[in-house]
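Here's the structure we're looking at; comments come further down.
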Amino acid sequence: MFELDIEMLKEQGLQIMDTAKKTAIDIADKGKNQLELLNQQARLSKSQRQLGALVYSLHKAGEENQPLVDKYIEAIAEIEKNIEEIKAHMTPAERAEAEAAEAEAEEPIVATEEEEIVEEEPDRPRGETKTCPVCNSEVDAEALFCNHCGAQL
């Protein structure tokens with residue numbers, strides 16, 4: 001008859017459980033990395049759009065606010081640093097996959113001859129102003145950011 005070694009079976013079971021636990025933790029960590037990378041990339045895209053809108057708004061108003069522009073640039077640099085740190089914790093295959101997805105998302109949208117590019121008309125006529133809700137400064141009605149405090153309008 002077969003003699004069962006309970007201790008051996010118990011140890012094999014614990015090894016299998018330990019391996020399964022490590023695998024589950026690895027999968028969860030990979031998912032967390034991917035999610036955090038996506039979050040940081042979304043923050044980067046939003047910050048870049050905000051910087052562009054701020055620079056445009058300042059230019060259109062004939063104003064300069066280099067300290068505010070520098071603040072946005074520093075925030076973007078910090079987000080880019082976070083993205084690189086996240087990528088450093090990924091496997092080469094995960095990093096390559098993330099970079100391929102990032103490159104695909106950055107491809108410019110080009111209108112074909114059949115497509116017509118339509119610019120939206122602003123809600124308010126040119127020359128009108130509005131008040132910043134943060135600092136109460138008067139800003140152009142089309143401004144997306146306050147030229148004085150940088151608040152998003």
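The chains in the structure tokens are called A, B, ... from first to last as shown; in each chain the residues are counted from 1, and the ligands are counted from 1 in the order shown.
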
Contacts of Glu63 of chain A within 12 Å, only C-alpha atoms, excl. fewer than 3 positions in-chain, as number ranges by chain: A: 54-60, 66, 68-69, 139-140, 146-148

Filtered DSSP result for chain A, state strand (DSSP E or B), as a list in words: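 Filtering chain A to strand (DSSP E or B) leaves Thr129, Lys130, Thr131, Glu138, Val139, Asp140, Phe145 and Gln152 of chain A.
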
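Near Leu38 of chain A, within 12 Å and counting only C-alpha atoms, sit A:Gly31, A:Lys32, A:Asn33, A:Gln34, A:Leu35, A:Glu36, A:Gln40, A:Gln41, A:Ala42, A:Arg43, A:Leu44, A:Ser45, A:Ile79, A:Asn82, A:Ile83, A:Ile86, A:Lys87, A:Ala98, A:Glu99, A:Ala101, A:Glu102, A:Ala105, not including residues fewer than 2 positions from it in the same chain.
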
Mind dumping the selected residues with N, CA, C and O atoms as a short mmCIF file (atom, residue, chain, number, x, y, z; two decimals), in the first residue's frame?
```cif
data_model
loop_
_atom_site.label_atom_id
_atom_site.label_comp_id
_atom_site.auth_asym_id
_atom_site.auth_seq_id
_atom_site.Cartn_x
_atom_site.Cartn_y
_atom_site.Cartn_z
N GLY A 31 -0.65 45.43 -12.89
CA GLY A 31 -1.88 46.18 -13.11
C GLY A 31 -1.81 47.57 -12.49
O GLY A 31 -2.23 48.55 -13.10
N LYS A 32 -1.25 47.65 -11.29
CA LYS A 32 -1.09 48.94 -10.62
C LYS A 32 -0.16 49.84 -11.42
O LYS A 32 -0.42 51.03 -11.58
N ASN A 33 0.95 49.27 -11.91
CA ASN A 33 1.89 50.05 -12.71
C ASN A 33 1.23 50.58 -13.98
O ASN A 33 1.39 51.75 -14.33
N GLN A 34 0.49 49.71 -14.64
CA GLN A 34 -0.19 50.13 -15.88
C GLN A 34 -1.21 51.22 -15.59
O GLN A 34 -1.31 52.21 -16.31
N LEU A 35 -1.98 51.06 -14.52
CA LEU A 35 -2.99 52.04 -14.16
C LEU A 35 -2.34 53.37 -13.78
O LEU A 35 -2.78 54.44 -14.23
N GLU A 36 -1.29 53.32 -12.98
CA GLU A 36 -0.60 54.55 -12.58
C GLU A 36 0.03 55.22 -13.79
O GLU A 36 0.00 56.45 -13.91
N GLN A 40 -0.83 58.98 -15.02
CA GLN A 40 0.21 60.00 -15.18
C GLN A 40 0.23 60.53 -16.62
O GLN A 40 0.42 61.73 -16.85
N GLN A 41 0.02 59.66 -17.60
CA GLN A 41 -0.02 60.10 -18.99
C GLN A 41 -1.21 61.03 -19.24
O GLN A 41 -1.10 62.01 -19.98
N ALA A 42 -2.34 60.73 -18.61
CA ALA A 42 -3.51 61.60 -18.74
C ALA A 42 -3.23 62.96 -18.09
O ALA A 42 -3.59 64.00 -18.65
N ARG A 43 -2.58 62.95 -16.92
CA ARG A 43 -2.20 64.20 -16.26
C ARG A 43 -1.24 65.01 -17.13
O ARG A 43 -1.36 66.24 -17.22
N LEU A 44 -0.29 64.32 -17.76
CA LEU A 44 0.68 64.99 -18.63
C LEU A 44 -0.03 65.66 -19.80
O LEU A 44 0.21 66.84 -20.09
N SER A 45 -0.92 64.93 -20.44
CA SER A 45 -1.65 65.48 -21.57
C SER A 45 -2.47 66.70 -21.16
O SER A 45 -2.47 67.73 -21.84
N ILE A 79 5.70 65.47 -13.75
CA ILE A 79 4.87 64.36 -14.25
C ILE A 79 5.70 63.45 -15.15
O ILE A 79 5.61 62.23 -15.06
N ASN A 82 7.76 61.25 -13.03
CA ASN A 82 6.95 60.17 -12.47
C ASN A 82 6.73 59.06 -13.49
O ASN A 82 6.79 57.87 -13.15
N ILE A 83 6.48 59.43 -14.73
CA ILE A 83 6.27 58.44 -15.79
C ILE A 83 7.52 57.60 -15.98
O ILE A 83 7.45 56.37 -16.09
N ILE A 86 7.89 55.09 -13.14
CA ILE A 86 6.96 53.97 -13.30
C ILE A 86 7.50 53.00 -14.34
O ILE A 86 7.52 51.79 -14.14
N LYS A 87 7.97 53.53 -15.47
CA LYS A 87 8.52 52.68 -16.54
C LYS A 87 9.75 51.91 -16.06
O LYS A 87 9.99 50.79 -16.49
N ALA A 98 3.95 49.77 -23.33
CA ALA A 98 3.47 51.08 -22.89
C ALA A 98 3.96 52.18 -23.83
O ALA A 98 3.20 53.08 -24.17
N GLU A 99 5.20 52.10 -24.27
CA GLU A 99 5.75 53.12 -25.16
C GLU A 99 5.09 53.05 -26.54
O GLU A 99 4.88 54.08 -27.18
N ALA A 101 1.98 52.09 -27.10
CA ALA A 101 0.64 52.67 -26.91
C ALA A 101 0.74 54.19 -26.82
O ALA A 101 -0.10 54.91 -27.35
N GLU A 102 1.79 54.69 -26.15
CA GLU A 102 2.00 56.13 -26.02
C GLU A 102 2.28 56.76 -27.38
O GLU A 102 1.73 57.81 -27.71
N ALA A 105 -0.88 57.00 -29.39
CA ALA A 105 -1.76 58.07 -28.91
C ALA A 105 -1.26 59.44 -29.34
O ALA A 105 -2.05 60.37 -29.46
#
```

One-decimal distance in Å that lies between atom CA of Ser47 of chain A and atom CA of Tyr72 of chain A: 7.3 Å

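Candidate residues A:Leu9, A:Gln48, A:Leu37, A:Ala61 were compared for distance to Lys81 of chain A, and the nearest is A:Leu37, using only C-alpha atoms.
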
Which of A:Val134, A:Ala24, A:Ile16, A:Ala77 sits closest to Gln152 of chain A [using only C-alpha atoms]: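 Closest to Gln152 of chain A of all the choices is A:Val134.
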
Could you please write out, as a short mmCIF file (atom, residue, chain, number, x, y, z; two decimals) with N, CA and C atoms, in the first residue's frame, every residue of chain A that DSSP assigns to helix (DSSP H, G or I)?
```cif
data_model
loop_
_atom_site.label_atom_id
_atom_site.label_comp_id
_atom_site.auth_asym_id
_atom_site.auth_seq_id
_atom_site.Cartn_x
_atom_site.Cartn_y
_atom_site.Cartn_z
N ILE A 6 2.26 12.86 5.25
CA ILE A 6 1.45 14.05 5.48
C ILE A 6 2.31 15.31 5.47
N GLU A 7 3.47 15.22 6.08
CA GLU A 7 4.35 16.40 6.14
C GLU A 7 4.81 16.80 4.74
N MET A 8 5.11 15.84 3.90
CA MET A 8 5.56 16.14 2.54
C MET A 8 4.42 16.77 1.74
N LEU A 9 3.23 16.23 1.85
CA LEU A 9 2.08 16.79 1.17
C LEU A 9 1.78 18.21 1.66
N LYS A 10 1.92 18.39 2.95
CA LYS A 10 1.67 19.70 3.54
C LYS A 10 2.69 20.72 3.00
N GLU A 11 3.96 20.32 2.93
CA GLU A 11 5.00 21.22 2.43
C GLU A 11 4.80 21.53 0.95
N GLN A 12 4.42 20.55 0.17
CA GLN A 12 4.15 20.78 -1.26
C GLN A 12 2.96 21.73 -1.44
N GLY A 13 1.96 21.55 -0.63
CA GLY A 13 0.79 22.43 -0.69
C GLY A 13 1.16 23.86 -0.33
N LEU A 14 2.00 24.04 0.68
CA LEU A 14 2.44 25.38 1.07
C LEU A 14 3.28 26.02 -0.03
N GLN A 15 4.12 25.22 -0.69
CA GLN A 15 4.93 25.75 -1.80
C GLN A 15 4.03 26.20 -2.96
N ILE A 16 3.02 25.42 -3.26
CA ILE A 16 2.09 25.78 -4.33
C ILE A 16 1.34 27.05 -3.96
N MET A 17 0.91 27.15 -2.72
CA MET A 17 0.21 28.35 -2.27
C MET A 17 1.14 29.57 -2.33
N ASP A 18 2.39 29.40 -1.94
CA ASP A 18 3.35 30.51 -1.96
C ASP A 18 3.59 30.98 -3.39
N THR A 19 3.73 30.03 -4.31
CA THR A 19 3.92 30.37 -5.73
C THR A 19 2.70 31.10 -6.28
N ALA A 20 1.52 30.62 -5.95
CA ALA A 20 0.29 31.27 -6.41
C ALA A 20 0.18 32.68 -5.84
N LYS A 21 0.55 32.83 -4.57
CA LYS A 21 0.50 34.14 -3.93
C LYS A 21 1.46 35.11 -4.63
N LYS A 22 2.68 34.67 -4.90
CA LYS A 22 3.67 35.52 -5.57
C LYS A 22 3.19 35.90 -6.97
N THR A 23 2.60 34.96 -7.67
CA THR A 23 2.08 35.24 -9.01
C THR A 23 0.95 36.26 -8.95
N ALA A 24 0.05 36.10 -8.00
CA ALA A 24 -1.06 37.05 -7.85
C ALA A 24 -0.55 38.45 -7.51
N ILE A 25 0.45 38.53 -6.65
CA ILE A 25 1.03 39.82 -6.28
C ILE A 25 1.71 40.46 -7.50
N ASP A 26 2.43 39.66 -8.29
CA ASP A 26 3.09 40.18 -9.50
C ASP A 26 2.06 40.73 -10.49
N ILE A 27 0.98 40.00 -10.68
CA ILE A 27 -0.07 40.44 -11.61
C ILE A 27 -0.71 41.73 -11.09
N ALA A 28 -0.96 41.79 -9.80
CA ALA A 28 -1.56 43.00 -9.21
C ALA A 28 -0.62 44.19 -9.36
N ASP A 29 0.68 43.97 -9.13
CA ASP A 29 1.66 45.05 -9.26
C ASP A 29 1.74 45.54 -10.70
N LYS A 30 1.70 44.62 -11.64
CA LYS A 30 1.73 45.01 -13.06
C LYS A 30 0.50 45.84 -13.39
N GLY A 31 -0.65 45.43 -12.89
CA GLY A 31 -1.88 46.18 -13.11
C GLY A 31 -1.81 47.57 -12.49
N LYS A 32 -1.25 47.65 -11.29
CA LYS A 32 -1.09 48.94 -10.62
C LYS A 32 -0.16 49.84 -11.42
N ASN A 33 0.95 49.27 -11.91
CA ASN A 33 1.89 50.05 -12.71
C ASN A 33 1.23 50.58 -13.98
N GLN A 34 0.49 49.71 -14.64
CA GLN A 34 -0.19 50.13 -15.88
C GLN A 34 -1.21 51.22 -15.59
N LEU A 35 -1.98 51.06 -14.52
CA LEU A 35 -2.99 52.04 -14.16
C LEU A 35 -2.34 53.37 -13.78
N GLU A 36 -1.29 53.32 -12.98
CA GLU A 36 -0.60 54.55 -12.58
C GLU A 36 0.03 55.22 -13.79
N LEU A 37 0.57 54.43 -14.71
CA LEU A 37 1.15 55.00 -15.93
C LEU A 37 0.08 55.72 -16.75
N LEU A 38 -1.07 55.08 -16.91
CA LEU A 38 -2.17 55.71 -17.65
C LEU A 38 -2.63 57.00 -16.97
N ASN A 39 -2.71 56.98 -15.64
CA ASN A 39 -3.12 58.18 -14.90
C ASN A 39 -2.11 59.31 -15.10
N GLN A 40 -0.83 58.98 -15.02
CA GLN A 40 0.21 60.00 -15.18
C GLN A 40 0.23 60.53 -16.62
N GLN A 41 0.02 59.66 -17.60
CA GLN A 41 -0.02 60.10 -18.99
C GLN A 41 -1.21 61.03 -19.24
N ALA A 42 -2.34 60.73 -18.61
CA ALA A 42 -3.51 61.60 -18.74
C ALA A 42 -3.23 62.96 -18.09
N ARG A 43 -2.58 62.95 -16.92
CA ARG A 43 -2.20 64.20 -16.26
C ARG A 43 -1.24 65.01 -17.13
N LEU A 44 -0.29 64.32 -17.76
CA LEU A 44 0.68 64.99 -18.63
C LEU A 44 -0.03 65.66 -19.80
N SER A 45 -0.92 64.93 -20.44
CA SER A 45 -1.65 65.48 -21.57
C SER A 45 -2.47 66.70 -21.16
N LYS A 46 -3.16 66.61 -20.04
CA LYS A 46 -3.98 67.72 -19.56
C LYS A 46 -3.10 68.92 -19.23
N SER A 47 -1.97 68.69 -18.56
CA SER A 47 -1.08 69.80 -18.20
C SER A 47 -0.49 70.46 -19.43
N GLN A 48 -0.16 69.67 -20.44
CA GLN A 48 0.38 70.24 -21.67
C GLN A 48 -0.67 71.10 -22.37
N ARG A 49 -1.91 70.63 -22.40
CA ARG A 49 -2.98 71.42 -23.00
C ARG A 49 -3.20 72.72 -22.23
N GLN A 50 -3.16 72.63 -20.91
CA GLN A 50 -3.34 73.82 -20.08
C GLN A 50 -2.22 74.82 -20.32
N LEU A 51 -0.99 74.33 -20.42
CA LEU A 51 0.14 75.23 -20.70
C LEU A 51 -0.04 75.91 -22.05
N GLY A 52 -0.41 75.15 -23.05
CA GLY A 52 -0.63 75.72 -24.37
C GLY A 52 -1.73 76.77 -24.35
N ALA A 53 -2.80 76.48 -23.65
CA ALA A 53 -3.91 77.43 -23.56
C ALA A 53 -3.48 78.68 -22.81
N LEU A 54 -2.68 78.52 -21.77
CA LEU A 54 -2.20 79.67 -21.00
C LEU A 54 -1.31 80.55 -21.87
N VAL A 55 -0.35 79.93 -22.57
CA VAL A 55 0.56 80.70 -23.42
C VAL A 55 -0.23 81.43 -24.50
N TYR A 56 -1.17 80.74 -25.11
CA TYR A 56 -2.01 81.37 -26.14
C TYR A 56 -2.80 82.53 -25.56
N SER A 57 -3.39 82.31 -24.41
CA SER A 57 -4.20 83.33 -23.77
C SER A 57 -3.35 84.56 -23.42
N LEU A 58 -2.15 84.32 -22.89
CA LEU A 58 -1.25 85.43 -22.58
C LEU A 58 -0.85 86.18 -23.84
N HIS A 59 -0.51 85.45 -24.88
CA HIS A 59 -0.09 86.06 -26.14
C HIS A 59 -1.23 86.89 -26.73
N LYS A 60 -2.40 86.33 -26.71
CA LYS A 60 -3.56 87.02 -27.29
C LYS A 60 -3.87 88.31 -26.54
N GLN A 66 5.93 85.06 -17.18
CA GLN A 66 6.90 83.97 -17.24
C GLN A 66 6.93 83.12 -15.97
N PRO A 67 6.80 83.71 -14.78
CA PRO A 67 6.78 82.84 -13.58
C PRO A 67 5.65 81.82 -13.61
N LEU A 68 4.49 82.22 -14.11
CA LEU A 68 3.37 81.28 -14.19
C LEU A 68 3.64 80.21 -15.25
N VAL A 69 4.17 80.61 -16.38
CA VAL A 69 4.52 79.64 -17.43
C VAL A 69 5.56 78.66 -16.89
N ASP A 70 6.56 79.17 -16.17
CA ASP A 70 7.59 78.31 -15.58
C ASP A 70 7.00 77.32 -14.59
N LYS A 71 5.98 77.77 -13.84
CA LYS A 71 5.31 76.89 -12.88
C LYS A 71 4.66 75.70 -13.60
N TYR A 72 4.00 75.98 -14.71
CA TYR A 72 3.38 74.91 -15.50
C TYR A 72 4.45 73.98 -16.07
N ILE A 73 5.55 74.54 -16.56
CA ILE A 73 6.62 73.73 -17.13
C ILE A 73 7.23 72.82 -16.06
N GLU A 74 7.42 73.34 -14.86
CA GLU A 74 7.95 72.53 -13.76
C GLU A 74 6.99 71.39 -13.40
N ALA A 75 5.69 71.67 -13.41
CA ALA A 75 4.70 70.63 -13.12
C ALA A 75 4.74 69.53 -14.18
N ILE A 76 4.90 69.93 -15.44
CA ILE A 76 4.99 68.96 -16.53
C ILE A 76 6.25 68.11 -16.37
N ALA A 77 7.36 68.75 -16.02
CA ALA A 77 8.62 68.01 -15.82
C ALA A 77 8.48 66.99 -14.70
N GLU A 78 7.77 67.35 -13.64
CA GLU A 78 7.56 66.43 -12.52
C GLU A 78 6.72 65.22 -12.96
N ILE A 79 5.70 65.47 -13.75
CA ILE A 79 4.87 64.36 -14.25
C ILE A 79 5.70 63.45 -15.15
N GLU A 80 6.51 64.05 -16.02
CA GLU A 80 7.38 63.25 -16.90
C GLU A 80 8.35 62.40 -16.08
N LYS A 81 8.86 62.95 -14.98
CA LYS A 81 9.75 62.20 -14.09
C LYS A 81 9.00 61.02 -13.48
N ASN A 82 7.76 61.25 -13.03
CA ASN A 82 6.95 60.17 -12.47
C ASN A 82 6.73 59.06 -13.49
N ILE A 83 6.48 59.43 -14.73
CA ILE A 83 6.27 58.44 -15.79
C ILE A 83 7.52 57.60 -15.98
N GLU A 84 8.69 58.23 -16.00
CA GLU A 84 9.94 57.49 -16.17
C GLU A 84 10.19 56.55 -14.99
N GLU A 85 9.84 56.97 -13.78
CA GLU A 85 10.00 56.11 -12.60
C GLU A 85 9.10 54.89 -12.69
N ILE A 86 7.89 55.09 -13.14
CA ILE A 86 6.96 53.97 -13.30
C ILE A 86 7.50 53.00 -14.34
N LYS A 87 7.97 53.53 -15.47
CA LYS A 87 8.52 52.68 -16.54
C LYS A 87 9.75 51.91 -16.06
N ALA A 88 10.53 52.51 -15.15
CA ALA A 88 11.74 51.85 -14.63
C ALA A 88 11.39 50.60 -13.83
N PRO A 92 11.00 44.87 -19.45
CA PRO A 92 11.24 45.42 -20.78
C PRO A 92 10.04 45.24 -21.73
N ALA A 93 9.36 44.12 -21.64
CA ALA A 93 8.21 43.88 -22.51
C ALA A 93 7.06 44.83 -22.16
N GLU A 94 6.81 45.03 -20.87
CA GLU A 94 5.76 45.96 -20.44
C GLU A 94 6.09 47.39 -20.86
N ARG A 95 7.35 47.76 -20.70
CA ARG A 95 7.79 49.11 -21.07
C ARG A 95 7.62 49.33 -22.57
N ALA A 96 8.01 48.34 -23.37
CA ALA A 96 7.87 48.46 -24.83
C ALA A 96 6.39 48.58 -25.22
N GLU A 97 5.55 47.81 -24.57
CA GLU A 97 4.11 47.86 -24.85
C GLU A 97 3.54 49.23 -24.48
N ALA A 98 3.95 49.77 -23.33
CA ALA A 98 3.47 51.08 -22.89
C ALA A 98 3.96 52.18 -23.83
N GLU A 99 5.20 52.10 -24.27
CA GLU A 99 5.75 53.12 -25.16
C GLU A 99 5.09 53.05 -26.54
N ALA A 100 4.75 51.84 -26.99
CA ALA A 100 4.06 51.70 -28.28
C ALA A 100 2.67 52.32 -28.20
N ALA A 101 1.98 52.09 -27.10
CA ALA A 101 0.64 52.67 -26.91
C ALA A 101 0.74 54.19 -26.82
N GLU A 102 1.79 54.69 -26.15
CA GLU A 102 2.00 56.13 -26.02
C GLU A 102 2.28 56.76 -27.38
N ALA A 103 3.10 56.11 -28.19
CA ALA A 103 3.43 56.63 -29.52
C ALA A 103 2.18 56.65 -30.40
N GLU A 104 1.36 55.63 -30.28
CA GLU A 104 0.12 55.57 -31.06
C GLU A 104 -0.83 56.70 -30.68
N ALA A 105 -0.88 57.00 -29.39
CA ALA A 105 -1.76 58.07 -28.91
C ALA A 105 -1.26 59.44 -29.34
N GLU A 106 0.03 59.58 -29.60
CA GLU A 106 0.61 60.87 -29.97
C GLU A 106 0.54 61.15 -31.47
#
```

Length of the atom CA of Glu64 of chain A to atom CA of Pro133 of chain A vector [Å]: 20.4 Å

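One distance worth recording is that between atom CA of Glu128 of chain A and atom CA of Cys149 of chain A, which is 19.4 Å.
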